[in-house]
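Coordinates as given in input20.cif (mmCIF, N, CA and C atoms):
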data_final
loop_
_atom_site.label_atom_id
_atom_site.label_comp_id
_atom_site.auth_asym_id
_atom_site.auth_seq_id
_atom_site.Cartn_x
_atom_site.Cartn_y
_atom_site.Cartn_z
N HIS Z 1 85.46 111.11 -47.25
CA HIS Z 1 84.68 110.19 -46.46
C HIS Z 1 84.15 110.84 -45.20
N LYS Z 2 84.97 111.73 -44.63
CA LYS Z 2 84.56 112.37 -43.39
C LYS Z 2 83.33 113.26 -43.64
N ILE Z 3 83.36 113.99 -44.74
CA ILE Z 3 82.22 114.86 -45.05
C ILE Z 3 80.98 114.02 -45.32
N GLN Z 4 81.14 112.86 -45.97
CA GLN Z 4 80.02 111.96 -46.23
C GLN Z 4 79.42 111.46 -44.92
N MET Z 5 80.27 111.18 -43.94
CA MET Z 5 79.76 110.73 -42.64
C MET Z 5 79.00 111.86 -41.95
N ILE Z 6 79.53 113.07 -42.05
CA ILE Z 6 78.83 114.21 -41.43
C ILE Z 6 77.47 114.41 -42.10
N LEU Z 7 77.45 114.28 -43.43
CA LEU Z 7 76.19 114.42 -44.16
C LEU Z 7 75.19 113.35 -43.72
N SER Z 8 75.63 112.12 -43.56
CA SER Z 8 74.74 111.04 -43.11
C SER Z 8 74.19 111.33 -41.72
N GLN Z 9 75.03 111.84 -40.83
CA GLN Z 9 74.56 112.18 -39.49
C GLN Z 9 73.54 113.31 -39.53
N MET Z 10 73.78 114.27 -40.41
CA MET Z 10 72.85 115.40 -40.51
C MET Z 10 71.49 114.94 -41.06
N ILE Z 11 71.52 113.99 -42.00
CA ILE Z 11 70.26 113.44 -42.52
C ILE Z 11 69.52 112.72 -41.40
N THR Z 12 70.27 111.98 -40.57
CA THR Z 12 69.66 111.27 -39.44
C THR Z 12 69.05 112.25 -38.44
N MET Z 13 69.67 113.44 -38.29
CA MET Z 13 69.17 114.44 -37.34
C MET Z 13 68.08 115.31 -37.96
N HIS Z 14 67.68 115.02 -39.19
CA HIS Z 14 66.61 115.74 -39.88
C HIS Z 14 66.93 117.23 -40.05
N VAL Z 15 68.14 117.49 -40.56
CA VAL Z 15 68.54 118.87 -40.84
C VAL Z 15 67.80 119.33 -42.09
N GLU Z 16 67.59 120.64 -42.17
CA GLU Z 16 66.85 121.23 -43.30
C GLU Z 16 67.51 120.87 -44.62
N LYS Z 17 66.67 120.73 -45.65
CA LYS Z 17 67.14 120.35 -46.99
C LYS Z 17 68.10 121.38 -47.56
N GLU Z 18 67.86 122.67 -47.33
CA GLU Z 18 68.75 123.70 -47.86
C GLU Z 18 70.17 123.55 -47.32
N ASP Z 19 70.27 123.25 -46.02
CA ASP Z 19 71.60 123.06 -45.41
C ASP Z 19 72.28 121.81 -45.96
N LEU Z 20 71.47 120.76 -46.16
CA LEU Z 20 72.03 119.53 -46.73
C LEU Z 20 72.50 119.76 -48.16
N ASP Z 21 71.76 120.56 -48.92
CA ASP Z 21 72.15 120.87 -50.29
C ASP Z 21 73.48 121.63 -50.32
N LYS Z 22 73.68 122.54 -49.34
CA LYS Z 22 74.94 123.28 -49.28
C LYS Z 22 76.12 122.32 -49.05
N ILE Z 23 75.92 121.38 -48.14
CA ILE Z 23 77.00 120.42 -47.85
C ILE Z 23 77.27 119.53 -49.06
N GLN Z 24 76.19 119.11 -49.74
CA GLN Z 24 76.38 118.26 -50.92
C GLN Z 24 77.09 119.02 -52.04
N SER Z 25 76.75 120.28 -52.22
CA SER Z 25 77.43 121.06 -53.26
C SER Z 25 78.90 121.28 -52.90
N THR Z 26 79.16 121.49 -51.61
CA THR Z 26 80.54 121.63 -51.16
C THR Z 26 81.31 120.32 -51.40
N MET Z 27 80.67 119.19 -51.13
CA MET Z 27 81.30 117.90 -51.37
C MET Z 27 81.63 117.73 -52.85
N GLN Z 28 80.69 118.13 -53.71
CA GLN Z 28 80.92 118.00 -55.15
C GLN Z 28 82.06 118.90 -55.60
N GLU Z 29 82.14 120.12 -55.05
CA GLU Z 29 83.23 121.02 -55.39
C GLU Z 29 84.59 120.43 -54.97
N LEU Z 30 84.63 119.85 -53.77
CA LEU Z 30 85.86 119.23 -53.29
C LEU Z 30 86.26 118.05 -54.17
N ARG Z 31 85.28 117.24 -54.57
CA ARG Z 31 85.58 116.12 -55.46
C ARG Z 31 86.17 116.62 -56.77
N ASN Z 32 85.57 117.67 -57.34
CA ASN Z 32 86.06 118.23 -58.60
C ASN Z 32 87.49 118.76 -58.44
N GLU Z 33 87.74 119.44 -57.32
CA GLU Z 33 89.08 119.96 -57.06
C GLU Z 33 90.10 118.81 -56.91
N MET Z 34 89.69 117.75 -56.23
CA MET Z 34 90.58 116.60 -56.06
C MET Z 34 90.85 115.92 -57.39
N VAL Z 35 89.84 115.82 -58.25
CA VAL Z 35 90.03 115.22 -59.57
C VAL Z 35 91.00 116.06 -60.38
N GLN Z 36 90.83 117.39 -60.35
CA GLN Z 36 91.73 118.28 -61.10
C GLN Z 36 93.16 118.20 -60.56
N ALA Z 37 93.29 118.12 -59.23
CA ALA Z 37 94.62 118.01 -58.62
C ALA Z 37 95.28 116.68 -59.02
N ALA Z 38 94.50 115.59 -59.05
CA ALA Z 38 95.04 114.29 -59.45
C ALA Z 38 95.48 114.31 -60.90
N ILE Z 39 94.68 114.93 -61.77
CA ILE Z 39 95.04 115.04 -63.19
C ILE Z 39 96.32 115.85 -63.34
N GLN Z 40 96.41 116.96 -62.62
CA GLN Z 40 97.62 117.80 -62.67
C GLN Z 40 98.83 117.05 -62.15
N LEU Z 41 98.65 116.28 -61.08
CA LEU Z 41 99.75 115.48 -60.53
C LEU Z 41 100.23 114.46 -61.56
N GLY Z 42 99.31 113.79 -62.22
CA GLY Z 42 99.68 112.82 -63.26
C GLY Z 42 100.45 113.46 -64.39
N LYS Z 43 99.97 114.61 -64.87
CA LYS Z 43 100.66 115.31 -65.96
C LYS Z 43 102.07 115.75 -65.53
N THR Z 44 102.16 116.29 -64.33
CA THR Z 44 103.45 116.76 -63.82
C THR Z 44 104.42 115.58 -63.65
N THR Z 45 103.94 114.47 -63.17
CA THR Z 45 104.78 113.29 -62.98
C THR Z 45 105.32 112.79 -64.31
N ILE Z 46 104.46 112.71 -65.31
CA ILE Z 46 104.89 112.27 -66.64
C ILE Z 46 105.94 113.24 -67.20
N LYS Z 47 105.69 114.52 -67.07
CA LYS Z 47 106.62 115.53 -67.58
C LYS Z 47 107.97 115.43 -66.86
N THR Z 48 107.93 115.25 -65.56
CA THR Z 48 109.15 115.14 -64.77
C THR Z 48 109.95 113.90 -65.17
N GLU Z 49 109.28 112.78 -65.35
CA GLU Z 49 109.97 111.55 -65.76
C GLU Z 49 110.61 111.72 -67.14
N GLU Z 50 109.91 112.39 -68.04
CA GLU Z 50 110.48 112.65 -69.36
C GLU Z 50 111.71 113.53 -69.25
N ASP Z 51 111.65 114.57 -68.41
CA ASP Z 51 112.80 115.45 -68.21
C ASP Z 51 113.98 114.71 -67.60
N ILE Z 52 113.71 113.85 -66.64
CA ILE Z 52 114.78 113.07 -66.00
C ILE Z 52 115.45 112.17 -67.02
N THR Z 53 114.65 111.49 -67.84
CA THR Z 53 115.20 110.61 -68.86
C THR Z 53 116.05 111.40 -69.85
N ALA Z 54 115.57 112.57 -70.27
CA ALA Z 54 116.34 113.40 -71.20
C ALA Z 54 117.66 113.84 -70.58
N LEU Z 55 117.65 114.21 -69.32
CA LEU Z 55 118.88 114.63 -68.65
C LEU Z 55 119.86 113.47 -68.50
N LYS Z 56 119.34 112.28 -68.21
CA LYS Z 56 120.22 111.12 -68.10
C LYS Z 56 120.89 110.81 -69.43
N LEU Z 57 120.12 110.90 -70.50
CA LEU Z 57 120.69 110.62 -71.82
C LEU Z 57 121.65 111.72 -72.26
N ALA Z 58 121.38 112.95 -71.88
CA ALA Z 58 122.25 114.07 -72.25
C ALA Z 58 123.56 114.05 -71.47
N GLY Z 59 123.55 113.39 -70.31
CA GLY Z 59 124.74 113.35 -69.46
C GLY Z 59 125.88 112.56 -70.06
N GLY Z 60 125.61 111.65 -70.94
CA GLY Z 60 126.67 110.91 -71.61
C GLY Z 60 127.07 109.63 -70.91
N GLN Z 61 127.04 109.60 -69.62
CA GLN Z 61 127.44 108.39 -68.90
C GLN Z 61 126.19 107.58 -68.60
N THR Z 62 126.10 106.42 -69.21
CA THR Z 62 124.93 105.57 -69.00
C THR Z 62 125.25 104.38 -68.12
N LYS Z 63 126.54 104.18 -67.83
CA LYS Z 63 126.94 103.06 -66.99
C LYS Z 63 127.81 103.59 -65.86
N ILE Z 64 127.50 103.16 -64.68
CA ILE Z 64 128.28 103.56 -63.51
C ILE Z 64 129.16 102.38 -63.14
N SER Z 65 130.43 102.65 -62.94
CA SER Z 65 131.34 101.58 -62.58
C SER Z 65 131.96 101.88 -61.23
N LYS Z 66 132.55 100.85 -60.65
CA LYS Z 66 133.22 101.06 -59.37
C LYS Z 66 134.52 100.27 -59.37
N THR Z 67 135.48 100.79 -58.66
CA THR Z 67 136.75 100.11 -58.48
C THR Z 67 137.13 100.19 -57.02
N ILE Z 68 137.95 99.26 -56.63
CA ILE Z 68 138.38 99.22 -55.23
C ILE Z 68 139.52 100.22 -55.05
N GLU Z 69 139.40 101.03 -54.02
CA GLU Z 69 140.45 101.99 -53.71
C GLU Z 69 141.12 101.55 -52.43
N SER Z 70 142.42 101.43 -52.48
CA SER Z 70 143.18 100.97 -51.33
C SER Z 70 143.26 102.06 -50.27
N PRO Z 71 143.10 101.69 -49.00
CA PRO Z 71 143.25 102.68 -47.93
C PRO Z 71 144.72 102.98 -47.61
N ILE Z 72 145.63 102.27 -48.26
CA ILE Z 72 147.06 102.46 -48.00
C ILE Z 72 147.61 103.52 -48.95
N ASP Z 73 148.32 104.48 -48.41
CA ASP Z 73 148.99 105.48 -49.22
C ASP Z 73 150.38 104.94 -49.54
N TYR Z 74 150.50 104.38 -50.74
CA TYR Z 74 151.76 103.73 -51.11
C TYR Z 74 152.91 104.72 -51.24
N GLY Z 75 152.64 106.01 -51.36
CA GLY Z 75 153.70 107.01 -51.40
C GLY Z 75 154.41 107.14 -50.08
N LYS Z 76 153.72 106.83 -49.00
CA LYS Z 76 154.31 106.96 -47.67
C LYS Z 76 154.86 105.64 -47.13
N VAL Z 77 154.70 104.56 -47.88
CA VAL Z 77 155.14 103.25 -47.42
C VAL Z 77 156.58 103.03 -47.83
N SER Z 78 157.36 102.55 -46.89
CA SER Z 78 158.75 102.22 -47.22
C SER Z 78 158.97 100.73 -46.94
N VAL Z 79 159.77 100.13 -47.78
CA VAL Z 79 160.10 98.72 -47.62
C VAL Z 79 161.47 98.63 -46.97
N GLU Z 80 161.54 97.91 -45.88
CA GLU Z 80 162.79 97.79 -45.16
C GLU Z 80 163.20 96.32 -45.10
N ASN Z 81 164.47 96.07 -45.22
CA ASN Z 81 165.00 94.71 -45.09
C ASN Z 81 165.49 94.51 -43.67
N PHE Z 82 165.07 93.41 -43.08
CA PHE Z 82 165.53 93.04 -41.76
C PHE Z 82 166.34 91.76 -41.87
N PRO Z 83 167.42 91.65 -41.13
CA PRO Z 83 168.20 90.41 -41.20
C PRO Z 83 167.42 89.26 -40.56
N LEU Z 84 167.53 88.08 -41.16
CA LEU Z 84 166.85 86.90 -40.65
C LEU Z 84 167.71 86.31 -39.54
N SER Z 85 167.14 86.16 -38.40
CA SER Z 85 167.90 85.68 -37.26
C SER Z 85 167.38 84.31 -36.88
N PHE Z 86 168.29 83.42 -36.49
CA PHE Z 86 167.90 82.06 -36.13
C PHE Z 86 167.07 82.03 -34.86
N ASP Z 87 167.23 83.03 -33.98
CA ASP Z 87 166.48 83.00 -32.73
C ASP Z 87 165.12 83.69 -32.82
N SER Z 88 164.76 84.21 -34.00
CA SER Z 88 163.45 84.84 -34.16
C SER Z 88 162.39 83.89 -34.69
N ILE Z 89 162.79 82.69 -35.08
CA ILE Z 89 161.85 81.72 -35.63
C ILE Z 89 161.77 80.54 -34.69
N LYS Z 90 160.56 80.11 -34.39
CA LYS Z 90 160.36 78.96 -33.52
C LYS Z 90 159.84 77.82 -34.36
N PHE Z 91 160.60 76.76 -34.44
CA PHE Z 91 160.17 75.58 -35.18
C PHE Z 91 159.60 74.57 -34.20
N ASP Z 92 158.41 74.10 -34.47
CA ASP Z 92 157.79 73.07 -33.65
C ASP Z 92 157.23 72.03 -34.60
N VAL Z 93 158.04 71.04 -34.92
CA VAL Z 93 157.66 70.02 -35.88
C VAL Z 93 157.57 68.70 -35.15
N GLN Z 94 156.44 68.01 -35.31
CA GLN Z 94 156.25 66.72 -34.67
C GLN Z 94 155.58 65.78 -35.66
N TYR Z 95 155.88 64.51 -35.52
CA TYR Z 95 155.23 63.48 -36.32
C TYR Z 95 154.47 62.60 -35.35
N VAL Z 96 153.18 62.45 -35.58
CA VAL Z 96 152.35 61.63 -34.72
C VAL Z 96 151.86 60.47 -35.56
N SER Z 97 152.21 59.27 -35.18
CA SER Z 97 151.79 58.11 -35.97
C SER Z 97 150.45 57.59 -35.48
N ASN Z 98 149.76 56.94 -36.38
CA ASN Z 98 148.44 56.38 -36.07
C ASN Z 98 148.53 54.88 -36.31
N GLU Z 99 148.93 54.15 -35.27
CA GLU Z 99 149.10 52.71 -35.43
C GLU Z 99 147.76 52.02 -35.24
N LYS Z 100 147.45 51.15 -36.17
CA LYS Z 100 146.13 50.53 -36.19
C LYS Z 100 145.91 49.58 -35.01
N SER Z 101 146.92 48.91 -34.58
CA SER Z 101 146.73 47.91 -33.54
C SER Z 101 146.54 48.55 -32.17
N VAL Z 102 147.09 49.73 -31.95
CA VAL Z 102 147.05 50.33 -30.63
C VAL Z 102 146.16 51.58 -30.59
N ASP Z 103 146.36 52.48 -31.52
CA ASP Z 103 145.67 53.77 -31.48
C ASP Z 103 144.29 53.68 -32.12
N SER Z 104 143.35 54.35 -31.50
CA SER Z 104 142.02 54.48 -32.12
C SER Z 104 141.95 55.85 -32.79
N THR Z 105 140.87 56.08 -33.50
CA THR Z 105 140.69 57.35 -34.18
C THR Z 105 140.69 58.50 -33.19
N SER Z 106 140.01 58.33 -32.07
CA SER Z 106 139.91 59.42 -31.09
C SER Z 106 141.24 59.67 -30.39
N SER Z 107 142.03 58.62 -30.13
CA SER Z 107 143.31 58.84 -29.45
C SER Z 107 144.29 59.57 -30.37
N HIS Z 108 144.24 59.27 -31.67
CA HIS Z 108 145.09 59.99 -32.62
C HIS Z 108 144.71 61.47 -32.66
N ALA Z 109 143.40 61.75 -32.71
CA ALA Z 109 142.93 63.14 -32.73
C ALA Z 109 143.30 63.85 -31.43
N ASN Z 110 143.18 63.16 -30.30
CA ASN Z 110 143.55 63.75 -29.01
C ASN Z 110 145.04 64.06 -28.94
N SER Z 111 145.86 63.17 -29.49
CA SER Z 111 147.30 63.38 -29.50
C SER Z 111 147.66 64.62 -30.31
N LEU Z 112 147.04 64.74 -31.48
CA LEU Z 112 147.29 65.92 -32.31
C LEU Z 112 146.81 67.21 -31.64
N SER Z 113 145.61 67.18 -31.06
CA SER Z 113 145.06 68.40 -30.47
C SER Z 113 145.87 68.85 -29.25
N SER Z 114 146.38 67.92 -28.46
CA SER Z 114 147.19 68.33 -27.30
C SER Z 114 148.50 68.94 -27.77
N SER Z 115 149.08 68.40 -28.85
CA SER Z 115 150.32 68.97 -29.39
C SER Z 115 150.09 70.39 -29.91
N VAL Z 116 148.98 70.57 -30.65
CA VAL Z 116 148.67 71.91 -31.18
C VAL Z 116 148.34 72.87 -30.05
N GLY Z 117 147.61 72.42 -29.06
CA GLY Z 117 147.28 73.27 -27.92
C GLY Z 117 148.51 73.76 -27.21
N ALA Z 118 149.50 72.88 -27.06
CA ALA Z 118 150.75 73.28 -26.41
C ALA Z 118 151.53 74.26 -27.28
N SER Z 119 151.52 74.04 -28.59
CA SER Z 119 152.27 74.93 -29.50
C SER Z 119 151.69 76.33 -29.53
N PHE Z 120 150.36 76.43 -29.44
CA PHE Z 120 149.72 77.74 -29.51
C PHE Z 120 149.49 78.36 -28.14
N GLY Z 121 150.06 77.77 -27.09
CA GLY Z 121 149.91 78.29 -25.74
C GLY Z 121 150.43 79.70 -25.56
N ILE Z 122 151.39 80.11 -26.37
CA ILE Z 122 151.95 81.46 -26.24
C ILE Z 122 150.95 82.54 -26.66
N TYR Z 123 149.90 82.16 -27.38
CA TYR Z 123 148.90 83.13 -27.84
C TYR Z 123 147.72 83.27 -26.88
N GLY Z 124 147.75 82.58 -25.79
CA GLY Z 124 146.69 82.70 -24.80
C GLY Z 124 145.85 81.43 -24.72
N THR Z 125 145.21 81.26 -23.58
CA THR Z 125 144.44 80.04 -23.33
C THR Z 125 143.25 79.91 -24.25
N LYS Z 126 142.54 81.00 -24.49
CA LYS Z 126 141.33 80.95 -25.32
C LYS Z 126 141.66 80.54 -26.75
N PHE Z 127 142.68 81.18 -27.34
CA PHE Z 127 143.07 80.86 -28.71
C PHE Z 127 143.64 79.45 -28.79
N SER Z 128 144.46 79.08 -27.82
CA SER Z 128 145.07 77.76 -27.79
C SER Z 128 144.01 76.66 -27.72
N SER Z 129 143.01 76.85 -26.86
CA SER Z 129 141.97 75.82 -26.75
C SER Z 129 141.09 75.77 -27.98
N SER Z 130 140.83 76.93 -28.61
CA SER Z 130 140.01 76.90 -29.83
C SER Z 130 140.75 76.20 -30.96
N MET Z 131 142.05 76.41 -31.07
CA MET Z 131 142.84 75.72 -32.09
C MET Z 131 142.88 74.22 -31.79
N SER Z 132 143.01 73.88 -30.53
CA SER Z 132 143.06 72.48 -30.13
C SER Z 132 141.75 71.77 -30.48
N VAL Z 133 140.63 72.40 -30.20
CA VAL Z 133 139.32 71.82 -30.53
C VAL Z 133 139.15 71.68 -32.04
N ALA Z 134 139.60 72.69 -32.79
CA ALA Z 134 139.48 72.64 -34.25
C ALA Z 134 140.31 71.50 -34.83
N VAL Z 135 141.54 71.33 -34.34
CA VAL Z 135 142.40 70.26 -34.83
C VAL Z 135 141.83 68.90 -34.44
N ASN Z 136 141.31 68.79 -33.22
CA ASN Z 136 140.72 67.53 -32.78
C ASN Z 136 139.56 67.14 -33.68
N SER Z 137 138.69 68.09 -33.97
CA SER Z 137 137.54 67.81 -34.82
C SER Z 137 137.97 67.41 -36.23
N THR Z 138 138.93 68.15 -36.80
CA THR Z 138 139.40 67.86 -38.15
C THR Z 138 140.10 66.51 -38.22
N ALA Z 139 140.97 66.25 -37.26
CA ALA Z 139 141.70 64.98 -37.25
C ALA Z 139 140.75 63.80 -37.04
N PHE Z 140 139.79 63.94 -36.15
CA PHE Z 140 138.84 62.86 -35.90
C PHE Z 140 138.03 62.54 -37.15
N THR Z 141 137.57 63.60 -37.84
CA THR Z 141 136.81 63.42 -39.07
C THR Z 141 137.67 62.77 -40.16
N SER Z 142 138.90 63.25 -40.30
CA SER Z 142 139.80 62.72 -41.33
C SER Z 142 140.14 61.25 -41.09
N THR Z 143 140.49 60.91 -39.85
CA THR Z 143 140.88 59.52 -39.57
C THR Z 143 139.68 58.59 -39.56
N SER Z 144 138.49 59.12 -39.32
CA SER Z 144 137.28 58.29 -39.37
C SER Z 144 136.91 57.96 -40.80
N ASN Z 145 137.13 58.91 -41.70
CA ASN Z 145 136.69 58.74 -43.09
C ASN Z 145 137.79 58.22 -44.02
N HIS Z 146 139.05 58.25 -43.59
CA HIS Z 146 140.15 57.87 -44.46
C HIS Z 146 141.15 57.00 -43.71
N ASN Z 147 141.94 56.27 -44.44
CA ASN Z 147 142.98 55.45 -43.87
C ASN Z 147 144.26 56.28 -43.78
N ILE Z 148 144.54 56.82 -42.59
CA ILE Z 148 145.68 57.71 -42.40
C ILE Z 148 146.72 57.02 -41.54
N GLU Z 149 147.96 57.05 -42.00
CA GLU Z 149 149.03 56.37 -41.25
C GLU Z 149 149.68 57.29 -40.22
N GLY Z 150 149.80 58.56 -40.54
CA GLY Z 150 150.45 59.48 -39.61
C GLY Z 150 150.22 60.90 -40.03
N THR Z 151 150.48 61.82 -39.10
CA THR Z 151 150.25 63.24 -39.36
C THR Z 151 151.46 64.02 -38.88
#
Kindly present the structure from the file in structure tokens form.
Amino acid sequence: HKIQMILSQMITMHVEKEDLDKIQSTMQELRNEMVQAAIQLGKTTIKTEEDITALKLAGGQTKISKTIESPIDYGKVSVENFPLSFDSIKFDVQYVSNEKSVDSTSSHANSLSSSVGASFGIYGTKFSSSMSVAVNSTAFTSTSNHNIEGT
């Protein structure tokens, strides 16, 4: 395209016909070379694809599979028994009733969330409050949609 633009400009500038003929013949030679290069590229591409297909078939493996590999070296892992101690377990069990005459859905959810928030206080304020909010939301949804007597 660039040579065509140069040729058009030269025609506009009234360049001699012999010079224009040289440029046109050069353009035609370049076109022929580009056509031959494109034909060669097409032939080479087809040949390469055929070779790749033949190599894939000759390889024998037509299906690739994968399995999960554990990052744990089980040869270096040892199993140890520790005695169960009564002071290593913290039990925090509560029953919160939902009385229809007194408690509303939101008060039941608030009661549960404050209990959970206090229980998870040892893990930090951020975690404790996120657990409290999650329990409040779940309890409020459950008691709003279902007839629940206690939790």
Using all atoms listed in the file, determine which residues lie at most 6.5 Å from Z:Met131, disregarding the query and same-chain residues fewer than 5 positions distant; provide the list as a list of chain:residue names.
-> Z:Ser113, Z:Val116, Z:Gly117, Z:Lys126, Z:Asn136
Can you write out the residues you just picked, keeping N, CA and C atoms, as a short mmCIF file (atom, residue, chain, number, x, y, z; two decimals), keeping the file's coordinate frame?
data_model
loop_
_atom_site.label_atom_id
_atom_site.label_comp_id
_atom_site.auth_asym_id
_atom_site.auth_seq_id
_atom_site.Cartn_x
_atom_site.Cartn_y
_atom_site.Cartn_z
N SER Z 113 145.61 67.18 -31.06
CA SER Z 113 145.06 68.40 -30.47
C SER Z 113 145.87 68.85 -29.25
N VAL Z 116 148.98 70.57 -30.65
CA VAL Z 116 148.67 71.91 -31.18
C VAL Z 116 148.34 72.87 -30.05
N GLY Z 117 147.61 72.42 -29.06
CA GLY Z 117 147.28 73.27 -27.92
C GLY Z 117 148.51 73.76 -27.21
N LYS Z 126 142.54 81.00 -24.49
CA LYS Z 126 141.33 80.95 -25.32
C LYS Z 126 141.66 80.54 -26.75
N ASN Z 136 141.31 68.79 -33.22
CA ASN Z 136 140.72 67.53 -32.78
C ASN Z 136 139.56 67.14 -33.68
#
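Here atom N of Z:Glu16 stands at a distance of 26.2 Å from atom CA of Z:Glu33.
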Å distance separating atom CA of Z:Ser137 from atom CA of Z:Leu112, one decimal place |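 The value is 10.2 Å.
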Excluding Z:Ala118 and residues on its chain fewer than 4 positions from it, collect all residues at most 10 Å away from it, counting only C-alpha atoms, and give them as a VMD selection string.
-> chain Z and resid 113 to 114 122 125 128 to 129 132
